[in-house]
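**Q** This is the content of upload.cif (mmCIF, C-alpha atoms):
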```cif
data_target
#
loop_
_atom_site.label_atom_id
_atom_site.label_comp_id
_atom_site.auth_asym_id
_atom_site.auth_seq_id
_atom_site.Cartn_x
_atom_site.Cartn_y
_atom_site.Cartn_z
CA MET A 1 29.09 -21.95 -8.42
CA THR A 2 29.94 -19.27 -5.86
CA SER A 3 27.45 -20.47 -3.24
CA ALA A 4 28.35 -24.14 -3.84
CA VAL A 5 32.08 -23.55 -3.23
CA LEU A 6 31.52 -21.11 -0.35
CA PHE A 7 29.03 -23.12 1.66
CA GLY A 8 30.36 -26.51 0.60
CA THR A 9 33.88 -25.71 1.83
CA PHE A 10 32.49 -24.19 5.03
CA VAL A 11 30.41 -27.30 5.82
CA ILE A 12 33.41 -29.56 5.17
CA MET A 13 35.57 -27.47 7.52
CA ILE A 14 32.93 -27.64 10.27
CA ILE A 15 32.64 -31.43 9.85
CA LEU A 16 36.43 -31.64 10.20
CA ASN A 17 36.09 -29.71 13.48
CA VAL A 18 38.04 -26.69 12.20
CA PRO A 19 37.44 -23.61 14.41
CA VAL A 20 34.58 -21.51 13.04
CA GLY A 21 36.67 -18.39 12.35
CA ILE A 22 39.32 -20.37 10.45
CA ALA A 23 36.59 -22.29 8.57
CA LEU A 24 35.11 -18.99 7.41
CA GLY A 25 38.51 -17.78 6.20
CA ILE A 26 39.34 -21.01 4.34
CA SER A 27 35.94 -21.19 2.63
CA SER A 28 36.23 -17.54 1.59
CA LEU A 29 39.76 -18.05 0.25
CA ALA A 30 38.72 -21.17 -1.67
CA THR A 31 35.86 -19.28 -3.29
CA VAL A 32 38.10 -16.36 -4.31
CA LEU A 33 40.75 -18.63 -5.81
CA LEU A 34 38.37 -21.00 -7.61
CA ASN A 35 35.94 -18.44 -8.99
CA ALA A 36 37.68 -15.93 -11.26
CA GLU A 37 34.33 -14.39 -12.18
CA LEU A 38 34.21 -12.63 -8.82
CA GLY A 39 37.17 -10.52 -9.89
CA LEU A 40 38.70 -10.59 -6.42
CA GLY A 41 42.46 -10.75 -5.88
CA GLY A 42 44.41 -13.11 -3.64
CA GLY A 43 44.87 -10.40 -1.01
CA TYR A 44 41.13 -10.00 -0.59
CA ILE A 45 40.89 -12.07 2.60
CA ALA A 46 43.82 -10.33 4.30
CA GLN A 47 42.36 -6.96 3.37
CA ASN A 48 39.02 -7.81 4.96
CA LEU A 49 40.68 -9.15 8.09
CA VAL A 50 42.11 -5.67 8.61
CA THR A 51 39.22 -3.48 7.46
CA ALA A 52 36.56 -5.46 9.37
CA VAL A 53 38.17 -4.81 12.75
CA ASP A 54 39.47 -1.33 11.84
CA SER A 55 36.21 0.15 13.04
CA PHE A 56 35.34 2.44 15.94
CA PRO A 57 32.16 0.50 16.94
CA VAL A 58 34.03 -2.84 16.89
CA MET A 59 36.39 -1.45 19.55
CA ALA A 60 33.52 -1.90 22.00
CA VAL A 61 33.86 -5.69 21.76
CA PRO A 62 37.31 -6.10 23.40
CA PHE A 63 36.47 -3.40 25.94
CA PHE A 64 33.28 -5.15 27.09
CA ILE A 65 35.11 -8.49 27.23
CA LEU A 66 37.82 -6.98 29.45
CA ALA A 67 35.24 -5.19 31.61
CA GLY A 68 33.45 -8.50 32.19
CA GLU A 69 36.71 -10.11 33.32
CA PHE A 70 37.43 -7.26 35.75
CA MET A 71 33.90 -7.37 37.15
CA GLY A 72 34.00 -11.11 37.73
CA GLY A 73 37.30 -10.96 39.60
CA GLY A 74 36.79 -7.63 41.33
CA GLY A 75 33.90 -8.46 43.66
CA ILE A 76 31.16 -6.61 41.76
CA SER A 77 29.12 -9.75 41.09
CA ARG A 78 29.34 -10.83 44.75
CA ARG A 79 27.99 -7.47 45.94
CA LEU A 80 25.09 -7.73 43.51
CA LEU A 81 24.35 -11.19 44.91
CA ASP A 82 24.34 -9.90 48.50
CA VAL A 83 21.92 -7.07 47.68
CA CYS A 84 19.50 -9.30 45.78
CA SER A 85 19.60 -11.95 48.53
CA VAL A 86 18.37 -9.41 51.09
CA PHE A 87 15.29 -8.44 49.06
CA PHE A 88 14.38 -11.74 47.37
CA GLY A 89 16.01 -14.43 49.50
CA ARG A 90 12.99 -15.11 51.76
CA ILE A 91 10.62 -15.91 48.87
CA THR A 92 9.97 -19.56 48.05
CA GLY A 93 12.96 -20.66 46.00
CA GLY A 94 14.55 -17.34 46.90
CA LEU A 95 18.05 -18.26 45.75
CA ALA A 96 16.73 -19.22 42.32
CA ILE A 97 15.05 -15.82 41.98
CA VAL A 98 18.18 -14.11 43.25
CA THR A 99 20.19 -15.93 40.56
CA VAL A 100 18.02 -14.54 37.76
CA VAL A 101 17.98 -11.00 39.18
CA VAL A 102 21.76 -10.96 39.64
CA CYS A 103 22.24 -12.22 36.08
CA MET A 104 20.03 -9.39 34.83
CA PHE A 105 22.11 -6.82 36.71
CA PHE A 106 25.37 -8.37 35.62
CA ALA A 107 24.09 -8.45 32.03
CA ALA A 108 23.71 -4.68 32.20
CA ILE A 109 27.42 -4.25 32.87
CA SER A 110 29.16 -7.15 31.11
CA GLY A 111 27.41 -7.66 27.75
CA SER A 112 28.37 -11.35 27.64
CA GLY A 113 26.38 -14.53 28.31
CA PRO A 114 29.25 -16.89 29.16
CA ALA A 115 30.88 -14.23 31.37
CA THR A 116 27.62 -13.90 33.30
CA VAL A 117 27.36 -17.67 33.84
CA ALA A 118 30.98 -17.91 34.98
CA ALA A 119 30.90 -14.90 37.32
CA VAL A 120 27.51 -15.50 38.95
CA GLY A 121 27.54 -19.30 38.77
CA GLY A 122 30.87 -19.55 40.54
CA MET A 123 29.26 -18.03 43.64
CA ILE A 124 25.63 -19.12 43.55
CA VAL A 125 25.89 -22.75 42.40
CA PRO A 126 27.79 -24.12 45.46
CA THR A 127 25.48 -22.18 47.80
CA MET A 128 22.26 -23.47 46.20
CA ILE A 129 23.47 -27.08 46.13
CA LYS A 130 24.51 -26.80 49.78
CA LYS A 131 20.99 -25.63 50.66
CA GLY A 132 19.43 -28.69 49.02
CA TYR A 133 18.55 -27.51 45.52
CA ASP A 134 18.72 -30.16 42.80
CA LYS A 135 21.98 -29.83 40.86
CA ARG A 136 20.30 -30.25 37.45
CA PHE A 137 17.85 -27.46 38.26
CA VAL A 138 20.59 -25.14 39.53
CA LEU A 139 22.89 -25.57 36.53
CA GLY A 140 20.03 -25.36 34.04
CA LEU A 141 18.85 -22.14 35.67
CA ILE A 142 22.26 -20.44 35.68
CA ALA A 143 22.87 -21.42 32.04
CA ALA A 144 19.50 -19.98 30.98
CA ALA A 145 19.73 -16.85 33.13
CA GLY A 146 23.22 -16.17 31.81
CA SER A 147 21.86 -15.91 28.28
CA ILE A 148 20.08 -12.70 29.30
CA GLY A 149 23.57 -11.18 29.21
CA VAL A 150 23.32 -10.63 25.44
CA VAL A 151 19.74 -9.28 25.48
CA ILE A 152 19.90 -6.60 28.17
CA PRO A 153 22.26 -3.83 26.98
CA PRO A 154 25.11 -3.35 26.65
CA SER A 155 25.46 -6.44 24.46
CA ILE A 156 28.43 -7.59 22.38
CA PRO A 157 26.23 -9.40 19.79
CA MET A 158 24.17 -6.22 19.39
CA VAL A 159 27.34 -4.28 18.60
CA VAL A 160 28.32 -6.91 16.02
CA TYR A 161 24.84 -6.83 14.43
CA CYS A 162 24.88 -3.06 14.10
CA THR A 163 28.39 -2.95 12.64
CA SER A 164 27.39 -5.66 10.15
CA THR A 165 24.21 -3.92 9.01
CA GLY A 166 24.89 -0.22 9.58
CA GLN A 167 22.16 0.18 12.21
CA SER A 168 22.22 2.39 15.30
CA ILE A 169 23.81 0.68 18.31
CA THR A 170 22.04 3.08 20.67
CA ARG A 171 18.58 2.23 19.26
CA LEU A 172 19.21 -1.51 19.41
CA PHE A 173 20.48 -1.20 22.98
CA ALA A 174 17.25 0.64 23.84
CA ALA A 175 15.21 -2.12 22.18
CA GLY A 176 16.76 -4.74 24.48
CA PHE A 177 15.44 -3.45 27.81
CA ILE A 178 11.83 -4.67 27.80
CA PRO A 179 12.56 -8.04 26.10
CA GLY A 180 15.42 -8.69 28.55
CA ILE A 181 13.19 -7.93 31.52
CA LEU A 182 10.40 -10.12 30.09
CA ILE A 183 12.77 -13.05 29.71
CA GLY A 184 14.02 -12.51 33.27
CA LEU A 185 10.46 -12.43 34.66
CA ALA A 186 9.57 -15.56 32.71
CA LEU A 187 12.58 -17.41 34.14
CA ILE A 188 11.63 -16.22 37.63
CA GLY A 189 8.08 -17.53 37.12
CA VAL A 190 9.31 -20.97 36.04
CA SER A 191 11.81 -21.05 38.92
CA TYR A 192 9.13 -20.16 41.46
CA TYR A 193 6.79 -22.86 40.13
CA ILE A 194 9.49 -25.56 40.24
CA CYS A 195 10.68 -24.50 43.70
CA LYS A 196 7.11 -24.44 45.05
CA LYS A 197 6.45 -27.88 43.61
CA ARG A 198 9.66 -29.35 45.05
CA GLY A 199 9.38 -27.60 48.40
CA TYR A 200 12.52 -25.47 48.21
CA LYS A 201 12.35 -22.91 51.00
CA GLY A 202 13.61 -19.37 51.07
CA ASP A 203 16.27 -17.82 53.27
CA THR A 204 15.46 -18.09 56.97
CA GLU A 205 17.33 -14.93 57.94
CA PRO A 206 14.73 -12.24 58.73
CA PHE A 207 14.47 -9.13 56.60
CA THR A 208 15.34 -5.88 58.32
CA TRP A 209 15.79 -2.44 56.84
CA ARG A 210 19.08 -2.19 58.68
CA ARG A 211 20.36 -5.33 56.94
CA ALA A 212 19.03 -4.12 53.59
CA GLY A 213 20.61 -0.71 53.99
CA ARG A 214 23.97 -2.23 54.88
CA ALA A 215 23.90 -4.52 51.82
CA VAL A 216 22.91 -1.67 49.50
CA TRP A 217 25.61 0.60 50.93
CA GLU A 218 28.30 -2.06 50.56
CA GLY A 219 27.13 -2.82 47.02
CA LYS A 220 26.58 0.79 45.91
CA TRP A 221 29.54 0.78 43.51
CA ALA A 222 28.23 -2.33 41.81
CA LEU A 223 24.66 -1.00 41.66
CA ILE A 224 25.55 2.34 40.07
CA SER A 225 27.74 0.72 37.41
CA PRO A 226 24.88 0.12 34.92
CA VAL A 227 23.55 3.60 35.67
CA ILE A 228 26.88 5.16 34.71
CA ILE A 229 27.34 3.03 31.59
CA LEU A 230 23.81 3.15 30.20
CA GLY A 231 23.03 6.63 31.53
CA GLY A 232 26.12 7.94 29.76
CA ILE A 233 25.04 6.37 26.47
CA TYR A 234 21.43 7.58 26.52
CA GLY A 235 22.36 10.91 28.04
CA GLY A 236 24.61 11.64 25.08
CA ILE A 237 27.71 11.89 27.27
CA PHE A 238 29.59 9.18 25.38
CA THR A 239 29.05 6.69 22.56
CA PRO A 240 28.53 2.93 23.17
CA THR A 241 32.19 2.35 22.27
CA GLU A 242 33.36 5.01 24.71
CA ALA A 243 30.96 3.52 27.29
CA ALA A 244 32.76 0.19 26.92
CA ALA A 245 36.08 1.91 27.68
CA VAL A 246 34.51 3.66 30.66
CA SER A 247 33.22 0.33 31.98
CA VAL A 248 36.78 -1.09 31.85
CA ILE A 249 38.23 1.82 33.80
CA TYR A 250 35.35 1.82 36.29
CA SER A 251 35.46 -1.94 36.95
CA PHE A 252 39.26 -1.83 37.30
CA ILE A 253 39.17 1.00 39.85
CA VAL A 254 36.34 -0.57 41.85
CA GLY A 255 37.87 -4.05 41.83
CA VAL A 256 41.44 -2.97 42.68
CA PHE A 257 41.09 0.15 44.84
CA VAL A 258 37.57 0.10 46.31
CA TYR A 259 36.67 -3.56 46.94
CA LYS A 260 40.36 -4.60 46.82
CA GLU A 261 39.45 -8.13 45.68
CA LEU A 262 41.38 -7.85 42.41
CA LYS A 263 45.10 -7.80 43.22
CA LEU A 264 47.49 -5.90 40.98
CA SER A 265 49.46 -9.13 40.59
CA GLU A 266 46.34 -10.76 39.07
CA VAL A 267 45.62 -7.99 36.56
CA PHE A 268 48.04 -9.40 33.97
CA TYR A 269 46.28 -12.79 34.01
CA VAL A 270 42.86 -11.13 33.71
CA ILE A 271 44.05 -9.10 30.72
CA ARG A 272 45.61 -12.20 29.16
CA SER A 273 42.34 -14.11 29.48
CA ALA A 274 40.41 -11.22 27.92
CA ALA A 275 43.00 -10.92 25.13
CA LEU A 276 42.67 -14.61 24.24
CA THR A 277 38.89 -14.26 24.02
CA THR A 278 39.18 -11.02 22.05
CA GLY A 279 41.63 -12.56 19.58
CA THR A 280 39.23 -15.40 18.85
CA VAL A 281 36.29 -13.03 18.41
CA LEU A 282 38.18 -10.65 16.10
CA VAL A 283 39.38 -13.49 13.87
CA VAL A 284 35.74 -14.57 13.52
CA ILE A 285 34.66 -10.99 12.75
CA GLY A 286 37.40 -10.49 10.15
CA CYS A 287 36.85 -13.79 8.33
CA ALA A 288 33.07 -13.42 8.55
CA ALA A 289 33.39 -9.99 6.91
CA ALA A 290 35.19 -11.56 3.93
CA PHE A 291 32.57 -14.33 3.84
CA THR A 292 29.78 -11.74 3.86
CA LYS A 293 31.38 -9.64 1.11
CA ILE A 294 31.61 -12.71 -1.12
CA LEU A 295 27.93 -13.40 -0.42
CA THR A 296 27.13 -9.87 -1.55
CA VAL A 297 29.34 -9.93 -4.66
CA GLY A 298 27.81 -13.28 -5.65
CA HIS A 299 24.25 -11.86 -5.17
CA ILE A 300 23.47 -14.74 -2.83
CA PRO A 301 21.26 -12.69 -0.42
CA GLN A 302 19.04 -11.67 -3.34
CA GLN A 303 18.78 -15.29 -4.48
CA VAL A 304 17.83 -16.44 -0.97
CA ALA A 305 15.27 -13.63 -0.70
CA GLN A 306 13.67 -14.60 -4.01
CA ALA A 307 13.54 -18.26 -3.02
CA ILE A 308 11.84 -17.47 0.29
CA MET A 309 9.37 -15.06 -1.28
CA GLN A 310 8.44 -17.65 -3.89
CA PHE A 311 7.53 -19.96 -1.04
CA THR A 312 5.26 -17.36 0.64
CA ASP A 313 4.58 -13.64 0.56
CA ASN A 314 3.25 -13.48 4.12
CA LYS A 315 5.78 -11.60 6.23
CA TRP A 316 4.78 -13.36 9.45
CA VAL A 317 5.28 -16.78 7.89
CA ILE A 318 8.66 -15.61 6.58
CA PHE A 319 9.52 -14.35 10.08
CA LEU A 320 8.58 -17.78 11.45
CA LEU A 321 10.83 -19.50 8.90
CA ILE A 322 13.72 -17.18 9.75
CA ASN A 323 13.18 -17.83 13.46
CA LEU A 324 13.28 -21.58 12.91
CA MET A 325 16.44 -21.25 10.83
CA LEU A 326 18.12 -19.08 13.47
CA LEU A 327 17.21 -21.52 16.26
CA VAL A 328 18.77 -24.36 14.28
CA VAL A 329 21.84 -22.29 13.38
CA GLY A 330 22.25 -21.33 17.05
CA CYS A 331 22.67 -25.01 17.88
CA PHE A 332 25.71 -25.34 15.63
CA MET A 333 27.35 -21.94 15.11
CA ASP A 334 29.00 -19.30 17.24
CA THR A 335 26.83 -16.24 17.93
CA MET A 336 29.24 -13.70 16.39
CA CYS A 337 29.71 -15.83 13.31
CA SER A 338 25.97 -16.36 12.89
CA ILE A 339 25.27 -12.64 13.05
CA MET A 340 28.08 -11.69 10.67
CA ILE A 341 26.90 -14.21 8.07
CA LEU A 342 23.12 -14.18 8.42
CA ALA A 343 22.30 -10.56 9.27
CA PRO A 344 23.34 -9.24 5.81
CA LEU A 345 21.66 -12.28 4.25
CA PHE A 346 18.25 -11.70 5.86
CA LEU A 347 18.26 -7.89 6.06
CA PRO A 348 17.07 -7.31 2.44
CA ILE A 349 14.24 -9.78 3.01
CA ILE A 350 12.88 -8.23 6.18
CA GLU A 351 13.26 -4.69 4.84
CA SER A 352 11.27 -5.62 1.71
CA PHE A 353 8.36 -6.50 4.02
CA GLY A 354 8.61 -3.29 6.00
CA ILE A 355 10.00 -4.91 9.16
CA ASP A 356 12.18 -2.55 11.18
CA PRO A 357 15.84 -3.68 11.14
CA ILE A 358 16.09 -2.84 14.85
CA HIS A 359 13.18 -5.17 15.64
CA PHE A 360 14.76 -7.88 13.51
CA GLY A 361 18.13 -7.32 15.19
CA LEU A 362 16.59 -7.85 18.61
CA ILE A 363 14.79 -11.00 17.44
CA MET A 364 18.06 -12.29 15.99
CA VAL A 365 19.91 -11.65 19.26
CA VAL A 366 17.18 -13.40 21.30
CA ASN A 367 17.28 -16.38 18.91
CA LEU A 368 21.02 -16.68 19.29
CA ALA A 369 20.75 -16.14 23.07
CA ILE A 370 18.62 -19.28 23.08
CA GLY A 371 21.46 -20.87 21.10
CA PHE A 372 23.63 -20.40 24.20
CA ILE A 373 21.61 -23.16 25.92
CA THR A 374 20.93 -25.54 23.01
CA PRO A 375 23.33 -28.40 22.31
CA PRO A 376 25.64 -29.32 20.74
CA LEU A 377 27.40 -25.91 20.69
CA GLY A 378 25.55 -24.11 23.52
CA ILE A 379 28.48 -22.40 25.21
CA ASN A 380 26.55 -21.55 28.40
CA LEU A 381 25.93 -25.26 28.91
CA PHE A 382 29.66 -25.98 28.85
CA VAL A 383 30.44 -23.06 31.19
CA ALA A 384 27.78 -24.40 33.60
CA VAL A 385 29.33 -27.88 33.35
CA ARG A 386 32.69 -26.42 34.33
CA VAL A 387 31.26 -24.29 37.14
CA GLY A 388 29.17 -27.11 38.62
CA GLU A 389 31.62 -29.95 37.84
CA ALA A 390 28.72 -31.90 36.37
CA ALA A 391 27.91 -33.99 33.30
CA LEU A 392 26.60 -32.23 30.20
CA ASP A 393 23.49 -34.45 30.20
CA ASP A 394 22.53 -33.18 33.65
CA VAL A 395 22.75 -29.54 32.57
CA ILE A 396 20.74 -30.19 29.39
CA LYS A 397 17.95 -31.91 31.37
CA GLY A 398 17.88 -29.04 33.85
CA VAL A 399 17.66 -26.35 31.17
CA ILE A 400 14.66 -27.80 29.28
CA PRO A 401 11.84 -25.93 31.14
CA PHE A 402 13.73 -22.64 30.86
CA LEU A 403 14.41 -23.24 27.17
CA ALA A 404 10.69 -23.77 26.58
CA VAL A 405 9.68 -20.51 28.22
CA MET A 406 12.39 -18.55 26.37
CA ILE A 407 11.07 -19.86 23.03
CA ALA A 408 7.56 -18.77 24.12
CA ILE A 409 8.85 -15.25 24.86
CA LEU A 410 10.62 -15.23 21.48
CA ILE A 411 7.30 -15.92 19.74
CA VAL A 412 5.61 -13.10 21.66
CA LEU A 413 8.40 -10.64 20.78
CA THR A 414 8.33 -11.69 17.13
CA TYR A 415 4.64 -11.06 16.58
CA ILE A 416 4.18 -8.05 18.87
CA PRO A 417 6.82 -5.59 17.57
CA ALA A 418 5.54 -2.83 19.86
CA ILE A 419 7.19 -4.56 22.82
CA THR A 420 10.60 -4.25 21.19
CA MET A 421 10.14 -0.86 19.54
CA PHE A 422 8.43 0.99 22.42
CA VAL A 423 11.60 2.37 24.03
CA PRO A 424 13.51 3.19 20.78
CA GLU A 425 10.50 5.00 19.31
CA LEU A 426 9.84 6.83 22.57
CA PHE A 427 13.33 8.29 22.94
CA PHE A 428 15.04 8.12 19.52
#
```
Is it possible to give me this structure as structure tokens?
**A**
Amino acid sequence: MTSAVLFGTFVIMIILNVPVGIALGISSLATVLLNAELGLGGGYIAQNLVTAVDSFPVMAVPFFILAGEFMGGGGISRRLLDVCSVFFGRITGGLAIVTVVVCMFFAAISGSGPATVAAVGGMIVPTMIKKGYDKRFVLGLIAAAGSIGVVIPPSIPMVVYCTSTGQSITRLFAAGFIPGILIGLALIGVSYYICKKRGYKGDTEPFTWRRAGRAVWEGKWALISPVIILGGIYGGIFTPTEAAAVSVIYSFIVGVFVYKELKLSEVFYVIRSAALTTGTVLVVIGCAAAFTKILTVGHIPQQVAQAIMQFTDNKWVIFLLINLMLLVVGCFMDTMCSIMILAPLFLPIIESFGIDPIHFGLIMVVNLAIGFITPPLGINLFVAVRVGEAALDDVIKGVIPFLAVMIAILIVLTYIPAITMFVPELFF
């Protein structure tokens, strides 16, 4: 009865195109009111809306969102682009490689996939198209490379996973380094192959150490940003939440007073944009917390675990089934919502098979990162459409080869846990 009302109402709300956060709240409220056996009062939903976001780790989410806005408007992303262009621009398809490398750097300071696409794509897309790159290829590449933003730490979805499951944010951040780099290298490999096949040339401006030194010096404040943020976390100087606050202050100072590209008159609009995004995310987190609590009270995770284990007792087959489910869910549901609902659902299953929750958390984040570039919901696709002023069909066609290689990397990460767990086990 509980699961029928909960999931039935949720599916109906999604079909009616109700926003995901509101759909979660309505389905939770309907379940509470229609199922007296749960013993939950009418104020249950409101209580969870407050308690879910009244958390020190969750504070990192709005801070990272605001930091990403400041970095995009403050010139940090442009400096990263200039530095990478000097070192990689002359390679065949140099601008494509530069795009991936810049996205990897920006991922290490923003924690957001869509923010990475918007900030980097706004600069690189017009330049690549002007130099003769196919528009489908360019937009598909930026959409895929932007998804690295949630794999390389810091990562907002990682924070949400850890707050939902009680895991260590620092360990999960550490687990994201090697997988994020692997995905980046894979995208670079595909880009190089396509560019070589189509005859896209690199930058004709000769490389000189003088030019490289000037670019590095001008971009030094952008380059040391991830060192400050991540070095502070792993050096024990501040927590991930405090690191998010530091990244806001740092990006504000650099954008306004050092690079002077973010005017004080524009700060209000940047904060407003971040506040709108934060409000949406926190509503999803609060309503998803109520949804998750009802799942727990109704013993639904245990029922799902038993059903899966009756199907097979092979943990690798179960992992494959979970991966397939997450890939499908990523096509239709918001990343935050998916994590808040499914992480508590699957955690008892993977723990019963001795799978490390940190490894599973990373796999879940990579799955949902792929969801950023899979229709119909894929938010990176829509950001790329807006940046490139193109049709959605063009972006989808351009992203297909990158989607294929990301799924291949996901399979490798799933079945070789040592790749994910090497850094966390080495240092923590």
**Q** Let me make sure I understand: among A:Thr414, A:Ser191, A:Ser27, A:Thr280, which one has the smallest atom-to-atom distance to A:Ile97 if we use all atoms listed in the file?
**A** A:Ser191
**Q** Tell me, in Å to one decimal, how far atom CA of A:Thr420 is from atom CA of A:Ala175.
**A**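 Taking atom CA of A:Thr420 as the start and atom CA of A:Ala175 as the end point, the length is 5.2 Å.
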**Q** Name the residues captured by the PyMOL selection byres ((chain A and resi 140) around 7) when it is applied to the shown file; answer as a list in words.
**A**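 Applied to this file, the PyMOL selection byres ((chain A and resi 140) around 7) selects Arg136, Phe137, Val138, Leu139, Leu141, Ile142, Ala143, Ala144, Val395, Ile396, Gly398 and Val399 of chain A.
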**Q** Near A:Ser164, within 9 Å and counting only C-alpha atoms, which residues show up once chain neighbours fewer than 2 positions away are dropped, as a PyMOL selection string?
**A** chain A and resi 159-162+166-167+289+339-341+343-344
**Q** Which distance in Å separates atom CA of A:Val366 and atom CA of A:Val120, to one decimal?
**A**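 Between atom CA of A:Val366 and atom CA of A:Val120 the gap is 20.6 Å.
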**Q** Which residue out of A:Val387, A:Met333, A:Ile271, A:Ala174 has the minimum interatomic distance to A:Ile124 when only C-alpha atoms are used?
**A**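 The shortest atom-to-atom distance to A:Ile124 comes from A:Val387.
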**Q** With distances taken over all atoms listed in the file, which residue among A:Pro348, A:Gly354, A:Gly74, A:Pro226 lies nearest A:Val254?
**A** A:Gly74
**Q** Carefully work through the PyMOL selection byres ((chain A and resi 178) around 12) for this structure and note down the residues it includes, as a ChimeraX atom specification.
**A** /A:104,148,151-153,172-177,179-185,362,409,413,417-424
**Q** For atom CA of A:Glu266 and atom CA of A:Val61, quote the distance in Å rounded to one decimal.
**A**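 Interatomic distance, atom CA of A:Glu266 to atom CA of A:Val61: 21.9 Å.
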**Q** Name the residues that the PyMOL selection byres ((chain A and resi 368) around 10) pulls out of this structure, and write them as a PyMOL selection string.
**A** chain A and resi 147+150-151+157+323+326-331+333-336+338-339+362-367+369-374+378
**Q** Find, counting all atoms listed in the file, the residue in A:Glu69, A:Val101, A:Pro357, A:Gly121 that gets nearest to A:Leu381.
**A**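 For A:Leu381, the nearest of the given residues is A:Gly121.
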**Q** Reconstruct N, CA, C and O atoms of stretch 20-32 of chain A; output as a PDB file, in the coordinates of the input.
**A**
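Everything below was put into result.pdb:
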```
ATOM      1  N   VAL A  20      35.519 -22.209  13.920  1.00  0.00           N
ATOM      2  CA  VAL A  20      34.580 -21.510  13.040  1.00  0.00           C
ATOM      3  C   VAL A  20      35.247 -20.354  12.290  1.00  0.00           C
ATOM      4  O   VAL A  20      35.054 -20.181  11.079  1.00  0.00           O
ATOM      5  N   GLY A  21      36.032 -19.530  12.999  1.00  0.00           N
ATOM      6  CA  GLY A  21      36.670 -18.390  12.350  1.00  0.00           C
ATOM      7  C   GLY A  21      37.589 -18.822  11.218  1.00  0.00           C
ATOM      8  O   GLY A  21      37.577 -18.246  10.124  1.00  0.00           O
ATOM      9  N   ILE A  22      38.403 -19.856  11.481  1.00  0.00           N
ATOM     10  CA  ILE A  22      39.320 -20.370  10.450  1.00  0.00           C
ATOM     11  C   ILE A  22      38.529 -20.987   9.297  1.00  0.00           C
ATOM     12  O   ILE A  22      38.891 -20.830   8.120  1.00  0.00           O
ATOM     13  N   ALA A  23      37.433 -21.683   9.613  1.00  0.00           N
ATOM     14  CA  ALA A  23      36.590 -22.290   8.570  1.00  0.00           C
ATOM     15  C   ALA A  23      36.021 -21.217   7.650  1.00  0.00           C
ATOM     16  O   ALA A  23      35.964 -21.400   6.423  1.00  0.00           O
ATOM     17  N   LEU A  24      35.621 -20.102   8.223  1.00  0.00           N
ATOM     18  CA  LEU A  24      35.110 -18.990   7.410  1.00  0.00           C
ATOM     19  C   LEU A  24      36.201 -18.459   6.481  1.00  0.00           C
ATOM     20  O   LEU A  24      35.950 -18.183   5.296  1.00  0.00           O
ATOM     21  N   GLY A  25      37.404 -18.302   7.014  1.00  0.00           N
ATOM     22  CA  GLY A  25      38.510 -17.780   6.200  1.00  0.00           C
ATOM     23  C   GLY A  25      38.884 -18.726   5.072  1.00  0.00           C
ATOM     24  O   GLY A  25      39.096 -18.292   3.927  1.00  0.00           O
ATOM     25  N   ILE A  26      38.962 -20.025   5.362  1.00  0.00           N
ATOM     26  CA  ILE A  26      39.340 -21.010   4.340  1.00  0.00           C
ATOM     27  C   ILE A  26      38.283 -21.091   3.244  1.00  0.00           C
ATOM     28  O   ILE A  26      38.600 -21.127   2.048  1.00  0.00           O
ATOM     29  N   SER A  27      37.011 -21.112   3.631  1.00  0.00           N
ATOM     30  CA  SER A  27      35.940 -21.190   2.630  1.00  0.00           C
ATOM     31  C   SER A  27      35.915 -19.932   1.765  1.00  0.00           C
ATOM     32  O   SER A  27      35.680 -20.016   0.548  1.00  0.00           O
ATOM     33  N   SER A  28      36.181 -18.775   2.367  1.00  0.00           N
ATOM     34  CA  SER A  28      36.230 -17.540   1.590  1.00  0.00           C
ATOM     35  C   SER A  28      37.402 -17.556   0.621  1.00  0.00           C
ATOM     36  O   SER A  28      37.264 -17.166  -0.552  1.00  0.00           O
ATOM     37  N   LEU A  29      38.566 -17.989   1.102  1.00  0.00           N
ATOM     38  CA  LEU A  29      39.760 -18.050   0.250  1.00  0.00           C
ATOM     39  C   LEU A  29      39.562 -19.022  -0.909  1.00  0.00           C
ATOM     40  O   LEU A  29      39.928 -18.724  -2.060  1.00  0.00           O
ATOM     41  N   ALA A  30      38.970 -20.179  -0.616  1.00  0.00           N
ATOM     42  CA  ALA A  30      38.720 -21.170  -1.670  1.00  0.00           C
ATOM     43  C   ALA A  30      37.809 -20.608  -2.747  1.00  0.00           C
ATOM     44  O   ALA A  30      38.026 -20.819  -3.951  1.00  0.00           O
ATOM     45  N   THR A  31      36.803 -19.863  -2.324  1.00  0.00           N
ATOM     46  CA  THR A  31      35.860 -19.280  -3.290  1.00  0.00           C
ATOM     47  C   THR A  31      36.540 -18.244  -4.164  1.00  0.00           C
ATOM     48  O   THR A  31      36.324 -18.182  -5.381  1.00  0.00           O
ATOM     49  N   VAL A  32      37.379 -17.402  -3.553  1.00  0.00           N
ATOM     50  CA  VAL A  32      38.100 -16.360  -4.310  1.00  0.00           C
ATOM     51  C   VAL A  32      39.035 -16.994  -5.332  1.00  0.00           C
ATOM     52  O   VAL A  32      39.109 -16.562  -6.494  1.00  0.00           O
TER      53      VAL A  32
END
```
